[in-house]
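**Student:** Have a look at this one.
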Amino acid sequence: MRPRNPTFDPRTKVNWQVFKLFWPYLLEYKRRIVIALLFLIAAKIANVVGPFILKHIVDALDVKAGEPEALIVAPVALILAYGLARFGNVLFGELRDTVFGRVTERAMRRIGLKVFQHLHDMDLAFHLDRRTGGLARDIERGTSGISFLMRFFVFNIAPTFIEIAMVVGLLFYHYGAAFAAITLFSVAIYVLYSVKATEWRTQYVREANLADSSSNTRAVDSLLNFETVKYFTNETYEADCYDEELAKWEQARRKNRLSLFTLNGGQALIIGASMTAMMVLAAYRVADNQMTLGDFVLINAFMMQLFMPLNFLGFVYREIKGSMANIEQMFNLLAMAPKVVDAANAAELSVTRGRICFDRVSFQYRDNRPILNNVSFCVEPGQKVAVVGASGAGKSTLMKLLFRFYDVSGGIISIDEQDIRQVTQHSLRRAIGVVPQDTVLFNDTIFENVRYGNPEADTAEVMAAIRLAHLDAFIQDLPDGVETKVGERGLKLSGGEKQRVAIARTILKRPPILVFDEATSSLDSRSEQAILEAIREVSAGHTSLVIAHRLSTIVDADKIVVLHQGQVVEQGSHQQLLEKQGLYADLWRVQQKKQGLK
């Protein structure tokens with residue numbers, strides 16, 4: 001069973017400080033916000049004026065009660081004004097939402113882009129530990145939550161309290177303290193109950209979201225490893241694990257639904273009791289001739305009009321709490337700082353010759369697990385240097401350190417006498433082309449996957465790179481040619497075909513330094529020879545670092561560096577190392593013996 005996110009705590013209070021992050025996005029459109037506020041004020045005025053017009057209409061009709069011409073003599077202008085006020089309330093509200101919509105959409109775009117860029121800025125260690133499915137859902141829910149907050153918090157919660165204040169003031173002025181007191185008390189009780197109940201049920205919202213992320217992560221992880229599932233006939237096991245996650249999701253959703261029932265039921269009780277109290281008092285005064293029938297209708301209209309936004313306030317507050325729970329994780333992502341960052345005054349890397357030096361380099365992923373210890377060797381300009389050793393010796397780690405996926409624990413890695421920690425990561429990685437052991441392609445065409453090496457390249461340049469990588473013969477046999485889709489992670493292509501795409505991509509990048517990380521270790525002999533020939537052509541005249549498992553692939557290297565338990569134990573050409581009769585010679589004999597057995 002894959003573990004849940006250990007950092008999640010349903011009892012954690014929502015961090016309301018995240019609202020500070022919204023203001024820069026709001027202030028970007030000050031003019032639109034001002035216009036939207038004017039429409040908001042106009043809508044509220046129309047909303048409050050409506051019941052007064054309705055009162056005068058009812059009183060006018062009541063005075064004429066029993067007369068046949070009552071409807072004719074009723075003030076038609078007031079009826080038209082009432083209809084106009086109702087229409088104005090809706091119209092100004094729609095105009096407000098339309099004008100403010102641009103602000104909301106732009107904020108979602110800007111924040112979404114910021115999260116996306118931040119994730120790409122994070123170091124390799126973060127991405128090795130990430131839960132892709134859960135992460136995607138966290139971002140999706142966080143962006144949706146931002147949309148809700150931007151649209152409703154700014155133009156609904158504050159205006160609702162303004163309208164409540166206006167209604168309470170008008171009731172006090174026209175009908176006395178009793179009506180105003182009942183209204184104010186009801187609102188206070190309603191808001192207090194909504195806040196407390198919503199705070200209580202936020203833990204269930206978070207638990208449901210966590211269960212949703214966990215089940216989605218399990219599903220995505222299983223589907224990404226589709227072939228592995230088939231290899232071990234574990235379809236039933238995967239389904240059982242997924243169903244277990246769904247069962248947790250079902251239970252969390254049930255708790256969430258019951259807590260919502262409690263909240264809504266309490267709110268309905270408060271609304272019903274306060275409406276009843278107001279109507280009883282109003283009816284008593286009408287019967288006592290202290291108020292007219294129009295006043296009774298006005299108070300009823302005010303109470304209905306008041307509790308409509310109050311009921312909406314409860315919904316908005318619930319959704320805001322839910323949205324805050326949703327976006328909390330997304331902003332936690334933004335708060336994470338990458339471990340590998342550019343120096344304060346980092347310069348652009350200038351590659352004039354392409355000389356690479358590892359000077360007493362040490363590295364460890366954890367304090368108790370050293371990987372490299374005092375490794376020193378240089379790759380001279382135009383040289384092809386291979387690094388060999390047993391599995392776990394630290395070969396691929398050297399490539400990761402050169403590319404600055406991690407920073408060295410000790411020592412210096414330099415290119416043309418420039419410490420790579422003192423140059424920008426972008427300029428460093430732009431100067432290095434990598435053909436990895438496991439090439440992962442985008443679910444797009446072969447053409448677009450090759451052009452990914454240089455998105456600005458034209459068609460002729462892409463096709464030239466394809467020819468240099470000896471990929472053209474394979475493409476000619478495909479019905480769709482270069483427009484053939486490679487599938488998720490390139491699964492429709494063989495290992496050798498994917499490696500050629502990787503080489504073509506690197507050719508298109510045109511870097512001065514090339515790194516081949518066991519690029520042929522998983523290929524058959526025929527594919528291996530074809531790839532080696534392509535690598536020799538591509539690396540001619542370039543500084544090349546080759547991480548190798550099969551020693552037969554690097555016999556032509558200018559220098560071979562032998563690693564053992566994170567230390568350099570031998571250096572020299574293939575022939576020199578064989579003559580030393582050391583570790584390299586032992587590895588060579590073992591591999592030759594295995595090859596002979598085959």
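Residue names in the structure tokens use chain letters A, B, ... in the order shown, residue numbers from 1 in each chain, and ligand numbers from 1 in the order shown.
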For Asn449 in chain A, please output as a PDB file with N, CA and C atoms, in the first residue's frame all residues within 8 Å (counting only C-alpha atoms; exclusion window: fewer than 6 positions along the same chain).
**Tutor:**
```pdb
ATOM      1  N   LEU A 441       9.515   9.973 -23.949  1.00  0.00           N
ATOM      2  CA  LEU A 441       9.032  10.888 -24.983  1.00  0.00           C
ATOM      3  C   LEU A 441       7.649  11.419 -24.619  1.00  0.00           C
ATOM      4  N   PHE A 442       7.302  12.562 -25.199  1.00  0.00           N
ATOM      5  CA  PHE A 442       5.971  13.114 -25.018  1.00  0.00           C
ATOM      6  C   PHE A 442       4.978  12.374 -25.918  1.00  0.00           C
ATOM      7  N   VAL A 501      15.649   8.813 -31.380  1.00  0.00           N
ATOM      8  CA  VAL A 501      14.910  10.078 -31.222  1.00  0.00           C
ATOM      9  C   VAL A 501      15.655  10.983 -30.239  1.00  0.00           C
ATOM     10  N   ARG A 505      17.242  14.594 -31.082  1.00  0.00           N
ATOM     11  CA  ARG A 505      16.862  15.746 -30.266  1.00  0.00           C
ATOM     12  C   ARG A 505      18.103  16.486 -29.773  1.00  0.00           C
TER      13      ARG A 505
END
```
**Student:** As a CSV table (one decimal) with N, CA and C atoms, in the first residue's frame, please: all residues of range 271-471 of chain A that backbone DSSP puts in alpha helix (DSSP H).
**Tutor:**
```csv
chain,number,residue,atom,x,y,z
A,271,ILE,N,-33.3,30.7,10.2
A,271,ILE,CA,-34.0,31.6,9.3
A,271,ILE,C,-35.5,31.5,9.6
A,272,GLY,N,-36.0,30.2,9.8
A,272,GLY,CA,-37.4,30.0,10.0
A,272,GLY,C,-37.9,30.7,11.3
A,273,ALA,N,-37.1,30.6,12.3
A,273,ALA,CA,-37.5,31.2,13.6
A,273,ALA,C,-37.6,32.7,13.5
A,274,SER,N,-36.6,33.3,12.9
A,274,SER,CA,-36.5,34.8,12.8
A,274,SER,C,-37.6,35.3,11.9
A,275,MET,N,-37.8,34.6,10.8
A,275,MET,CA,-38.9,35.1,9.9
A,275,MET,C,-40.3,35.0,10.6
A,276,THR,N,-40.5,34.0,11.4
A,276,THR,CA,-41.8,33.8,12.1
A,276,THR,C,-41.9,34.9,13.1
A,277,ALA,N,-40.8,35.2,13.9
A,277,ALA,CA,-40.9,36.3,14.9
A,277,ALA,C,-41.2,37.6,14.3
A,278,MET,N,-40.6,38.0,13.1
A,278,MET,CA,-40.8,39.2,12.5
A,278,MET,C,-42.3,39.3,11.9
A,279,MET,N,-42.7,38.2,11.4
A,279,MET,CA,-44.1,38.3,10.8
A,279,MET,C,-45.2,38.4,11.9
A,280,VAL,N,-44.9,37.7,13.0
A,280,VAL,CA,-45.9,37.8,14.2
A,280,VAL,C,-45.9,39.2,14.7
A,281,LEU,N,-44.8,39.9,14.9
A,281,LEU,CA,-44.8,41.2,15.4
A,281,LEU,C,-45.4,42.2,14.4
A,282,ALA,N,-45.1,42.0,13.1
A,282,ALA,CA,-45.7,42.9,12.0
A,282,ALA,C,-47.2,42.7,12.0
A,283,ALA,N,-47.7,41.4,12.0
A,283,ALA,CA,-49.1,41.2,12.0
A,283,ALA,C,-49.9,41.8,13.2
A,284,TYR,N,-49.2,41.7,14.3
A,284,TYR,CA,-49.8,42.3,15.5
A,284,TYR,C,-50.0,43.8,15.4
A,285,ARG,N,-49.0,44.5,14.8
A,285,ARG,CA,-49.1,45.9,14.7
A,285,ARG,C,-50.1,46.3,13.6
A,286,VAL,N,-50.2,45.5,12.5
A,286,VAL,CA,-51.2,45.8,11.5
A,286,VAL,C,-52.6,45.7,12.1
A,287,ALA,N,-52.8,44.6,12.9
A,287,ALA,CA,-54.1,44.4,13.6
A,287,ALA,C,-54.4,45.6,14.5
A,293,LEU,N,-51.1,47.5,5.7
A,293,LEU,CA,-50.8,46.3,5.1
A,293,LEU,C,-49.6,46.3,4.2
A,294,GLY,N,-49.4,47.5,3.6
A,294,GLY,CA,-48.1,47.7,2.8
A,294,GLY,C,-46.9,47.6,3.7
A,295,ASP,N,-47.0,48.1,4.9
A,295,ASP,CA,-45.8,47.9,5.8
A,295,ASP,C,-45.5,46.4,6.1
A,296,PHE,N,-46.6,45.7,6.3
A,296,PHE,CA,-46.5,44.2,6.5
A,296,PHE,C,-45.8,43.5,5.3
A,297,VAL,N,-46.2,43.9,4.1
A,297,VAL,CA,-45.6,43.4,2.9
A,297,VAL,C,-44.2,43.8,2.8
A,298,LEU,N,-43.9,45.1,3.1
A,298,LEU,CA,-42.5,45.6,3.0
A,298,LEU,C,-41.6,44.8,4.0
A,299,ILE,N,-42.0,44.6,5.2
A,299,ILE,CA,-41.2,43.9,6.2
A,299,ILE,C,-41.0,42.4,5.7
A,300,ASN,N,-42.0,41.8,5.2
A,300,ASN,CA,-41.9,40.5,4.7
A,300,ASN,C,-40.9,40.4,3.5
A,301,ALA,N,-41.0,41.4,2.6
A,301,ALA,CA,-40.1,41.5,1.5
A,301,ALA,C,-38.7,41.7,1.9
A,302,PHE,N,-38.5,42.6,2.9
A,302,PHE,CA,-37.2,42.8,3.4
A,302,PHE,C,-36.6,41.6,4.1
A,303,MET,N,-37.4,40.8,4.8
A,303,MET,CA,-36.9,39.7,5.5
A,303,MET,C,-36.5,38.6,4.5
A,304,MET,N,-37.3,38.4,3.5
A,304,MET,CA,-37.0,37.4,2.4
A,304,MET,C,-35.7,37.9,1.7
A,305,GLN,N,-35.7,39.2,1.4
A,305,GLN,CA,-34.6,39.7,0.7
A,305,GLN,C,-33.3,39.7,1.5
A,306,LEU,N,-33.5,39.8,2.8
A,306,LEU,CA,-32.3,39.8,3.7
A,306,LEU,C,-31.8,38.4,3.8
A,307,PHE,N,-32.7,37.4,4.0
A,307,PHE,CA,-32.2,36.0,4.2
A,307,PHE,C,-31.8,35.3,3.0
A,308,MET,N,-32.1,35.9,1.8
A,308,MET,CA,-31.6,35.3,0.6
A,308,MET,C,-30.0,35.5,0.5
A,309,PRO,N,-29.5,36.7,0.7
A,309,PRO,CA,-28.1,36.9,0.8
A,309,PRO,C,-27.5,36.2,2.0
A,310,LEU,N,-28.3,36.1,3.1
A,310,LEU,CA,-27.7,35.4,4.3
A,310,LEU,C,-27.6,34.0,4.0
A,311,ASN,N,-28.5,33.4,3.4
A,311,ASN,CA,-28.4,32.0,3.0
A,311,ASN,C,-27.3,31.8,2.0
A,312,PHE,N,-27.1,32.8,1.1
A,312,PHE,CA,-26.0,32.7,0.2
A,312,PHE,C,-24.7,32.9,0.9
A,313,LEU,N,-24.7,33.7,2.0
A,313,LEU,CA,-23.5,34.0,2.8
A,313,LEU,C,-23.0,32.6,3.4
A,314,GLY,N,-24.0,31.8,3.9
A,314,GLY,CA,-23.6,30.5,4.4
A,314,GLY,C,-23.0,29.7,3.3
A,315,PHE,N,-23.6,29.7,2.1
A,315,PHE,CA,-23.0,28.9,1.1
A,315,PHE,C,-21.6,29.4,0.7
A,316,VAL,N,-21.5,30.7,0.6
A,316,VAL,CA,-20.2,31.3,0.2
A,316,VAL,C,-19.1,30.9,1.3
A,317,TYR,N,-19.5,31.1,2.5
A,317,TYR,CA,-18.5,30.8,3.6
A,317,TYR,C,-18.1,29.4,3.6
A,318,ARG,N,-19.1,28.5,3.4
A,318,ARG,CA,-18.8,27.1,3.3
A,318,ARG,C,-17.8,26.8,2.1
A,319,GLU,N,-18.1,27.4,1.0
A,319,GLU,CA,-17.3,27.2,-0.2
A,319,GLU,C,-15.9,27.8,0.0
A,320,ILE,N,-15.9,28.9,0.6
A,320,ILE,CA,-14.6,29.6,0.9
A,320,ILE,C,-13.7,28.7,1.8
A,321,LYS,N,-14.3,28.1,2.8
A,321,LYS,CA,-13.6,27.2,3.7
A,321,LYS,C,-13.1,26.0,2.9
A,322,GLY,N,-14.0,25.5,2.1
A,322,GLY,CA,-13.6,24.3,1.2
A,322,GLY,C,-12.5,24.7,0.2
A,323,SER,N,-12.7,25.9,-0.4
A,323,SER,CA,-11.7,26.4,-1.3
A,323,SER,C,-10.3,26.6,-0.7
A,324,MET,N,-10.4,27.2,0.5
A,324,MET,CA,-9.1,27.4,1.2
A,324,MET,C,-8.4,26.1,1.5
A,325,ALA,N,-9.2,25.1,1.9
A,325,ALA,CA,-8.6,23.8,2.2
A,325,ALA,C,-8.0,23.2,0.9
A,326,ASN,N,-8.7,23.5,-0.3
A,326,ASN,CA,-8.2,23.0,-1.5
A,326,ASN,C,-6.9,23.7,-2.0
A,327,ILE,N,-6.9,25.0,-1.8
A,327,ILE,CA,-5.7,25.8,-2.4
A,327,ILE,C,-4.5,25.8,-1.4
A,328,GLU,N,-4.8,25.4,-0.1
A,328,GLU,CA,-3.7,25.4,0.9
A,328,GLU,C,-2.5,24.6,0.4
A,329,GLN,N,-2.8,23.4,-0.1
A,329,GLN,CA,-1.8,22.5,-0.6
A,329,GLN,C,-1.0,23.1,-1.7
A,330,MET,N,-1.8,23.8,-2.6
A,330,MET,CA,-1.1,24.4,-3.8
A,330,MET,C,-0.2,25.5,-3.3
A,331,PHE,N,-0.6,26.3,-2.4
A,331,PHE,CA,0.3,27.4,-1.9
A,331,PHE,C,1.5,26.8,-1.1
A,332,ASN,N,1.3,25.6,-0.5
A,332,ASN,CA,2.4,25.0,0.2
A,332,ASN,C,3.4,24.6,-0.8
A,333,LEU,N,3.0,24.2,-2.0
A,333,LEU,CA,3.9,23.9,-3.1
A,333,LEU,C,4.7,25.2,-3.5
A,334,LEU,N,4.0,26.3,-3.6
A,334,LEU,CA,4.7,27.6,-3.9
A,334,LEU,C,5.7,28.0,-2.8
A,335,ALA,N,5.4,27.6,-1.6
A,335,ALA,CA,6.3,27.9,-0.4
A,335,ALA,C,7.5,27.1,-0.4
A,395,LYS,N,28.3,6.2,-11.1
A,395,LYS,CA,28.5,6.7,-12.5
A,395,LYS,C,27.5,7.7,-12.9
A,396,SER,N,26.2,7.3,-12.8
A,396,SER,CA,25.1,8.2,-13.2
A,396,SER,C,25.0,9.5,-12.3
A,397,THR,N,25.5,9.3,-11.0
A,397,THR,CA,25.5,10.5,-10.1
A,397,THR,C,26.4,11.6,-10.7
A,398,LEU,N,27.5,11.2,-11.3
A,398,LEU,CA,28.4,12.2,-11.9
A,398,LEU,C,27.6,13.1,-12.9
A,399,MET,N,26.8,12.4,-13.7
A,399,MET,CA,26.1,13.1,-14.8
A,399,MET,C,25.1,14.1,-14.1
A,400,LYS,N,24.4,13.6,-13.1
A,400,LYS,CA,23.4,14.4,-12.4
A,400,LYS,C,24.1,15.6,-11.7
A,401,LEU,N,25.3,15.5,-11.2
A,401,LEU,CA,26.0,16.6,-10.6
A,401,LEU,C,26.5,17.6,-11.7
A,402,LEU,N,26.9,17.1,-12.8
A,402,LEU,CA,27.4,17.9,-13.9
A,402,LEU,C,26.2,18.8,-14.4
A,425,GLN,N,21.8,28.1,-13.9
A,425,GLN,CA,21.5,26.7,-14.3
A,425,GLN,C,21.0,26.6,-15.8
A,426,HIS,N,20.3,27.7,-16.2
A,426,HIS,CA,19.8,27.6,-17.6
A,426,HIS,C,21.0,27.6,-18.6
A,427,SER,N,22.0,28.5,-18.4
A,427,SER,CA,23.1,28.5,-19.3
A,427,SER,C,23.9,27.2,-19.2
A,428,LEU,N,24.0,26.7,-18.0
A,428,LEU,CA,24.8,25.4,-17.9
A,428,LEU,C,24.1,24.3,-18.7
A,429,ARG,N,22.8,24.1,-18.5
A,429,ARG,CA,22.1,23.0,-19.1
A,429,ARG,C,21.9,23.2,-20.6
A,430,ARG,N,21.9,24.5,-21.0
A,430,ARG,CA,21.9,24.8,-22.4
A,430,ARG,C,23.1,24.3,-23.1
A,446,ILE,N,6.6,11.9,-33.8
A,446,ILE,CA,8.1,11.8,-33.8
A,446,ILE,C,8.7,13.1,-34.1
A,447,PHE,N,8.1,13.8,-35.1
A,447,PHE,CA,8.6,15.1,-35.5
A,447,PHE,C,8.7,16.1,-34.3
A,448,GLU,N,7.6,16.2,-33.6
A,448,GLU,CA,7.6,17.2,-32.5
A,448,GLU,C,8.5,16.7,-31.3
A,449,ASN,N,8.6,15.4,-31.1
A,449,ASN,CA,9.6,15.0,-30.1
A,449,ASN,C,11.0,15.3,-30.5
A,450,VAL,N,11.4,15.2,-31.7
A,450,VAL,CA,12.7,15.6,-32.2
A,450,VAL,C,12.9,17.1,-32.0
A,451,ARG,N,11.9,17.9,-32.5
A,451,ARG,CA,12.0,19.3,-32.5
A,451,ARG,C,12.0,19.9,-31.0
A,459,THR,N,11.5,23.0,-40.3
A,459,THR,CA,11.3,21.6,-40.7
A,459,THR,C,12.6,21.0,-41.3
A,460,ALA,N,13.4,21.8,-42.1
A,460,ALA,CA,14.6,21.3,-42.7
A,460,ALA,C,15.6,20.9,-41.6
A,461,GLU,N,15.7,21.7,-40.5
A,461,GLU,CA,16.7,21.4,-39.5
A,461,GLU,C,16.3,20.2,-38.7
A,462,VAL,N,15.0,20.0,-38.5
A,462,VAL,CA,14.5,18.8,-37.8
A,462,VAL,C,14.8,17.5,-38.6
A,463,MET,N,14.5,17.6,-39.9
A,463,MET,CA,14.8,16.5,-40.8
A,463,MET,C,16.3,16.1,-40.9
A,464,ALA,N,17.1,17.2,-40.9
A,464,ALA,CA,18.6,17.0,-40.9
A,464,ALA,C,19.0,16.2,-39.7
A,465,ALA,N,18.5,16.6,-38.5
A,465,ALA,CA,18.8,15.9,-37.3
A,465,ALA,C,18.3,14.5,-37.3
A,466,ILE,N,17.2,14.2,-37.9
A,466,ILE,CA,16.7,12.8,-38.0
A,466,ILE,C,17.6,12.0,-38.9
A,467,ARG,N,18.1,12.6,-40.0
A,467,ARG,CA,19.0,11.8,-40.8
A,467,ARG,C,20.3,11.5,-40.1
A,468,LEU,N,20.9,12.5,-39.4
A,468,LEU,CA,22.1,12.3,-38.7
A,468,LEU,C,22.0,11.2,-37.6
```
**Student:** Just checking: using only C-alpha atoms, which residue out of A:Leu532, A:Leu91, A:Ile157, A:Val103 ends up closest to Pro24 in chain A?
**Tutor:**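 Comparing A:Leu532, A:Leu91, A:Ile157, A:Val103 against Pro24 in chain A, the winner is A:Val103.
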**Student:** Excluding Arg421 in chain A and any residue of its chain fewer than 5 positions from it, enumerate the residues within 12 Å of it, using only C-alpha atoms, and give them as a count of residues only.
**Tutor:** 28
**Student:** Considering only C-alpha atoms, state which residue in the set A:Ile41, A:Val538, A:Ala473, A:Met291 is at the smallest distance from His174 in chain A.
**Tutor:**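 Checking each candidate against His174 in chain A, we get A:Met291 as the closest.
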**Student:** Taking into account only C-alpha atoms, which residue in the set A:Ala77, A:Glu570, A:Gly142, A:Val379 is nearest to Ala60 in chain A?
**Tutor:**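 Closest residue, counting only C-alpha atoms: A:Ala77.
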**Student:** Need to verify the contact set: Gly433 in chain A, 9 Å, only C-alpha atoms, exclusion of same-chain residues closer than 6 positions in sequence. Can you return it as a ChimeraX atom specification?
**Tutor:** /A:505-507,509-516
**Student:** Might you pull out every residue within 12 Å of range 483-490 of chain A, with only C-alpha atoms counted and same-chain residues fewer than 3 positions away left off, and present them as an MDAnalysis selection string?
**Tutor:** chainID A and resid 223:226 438:450 474:480 493:499 501:502
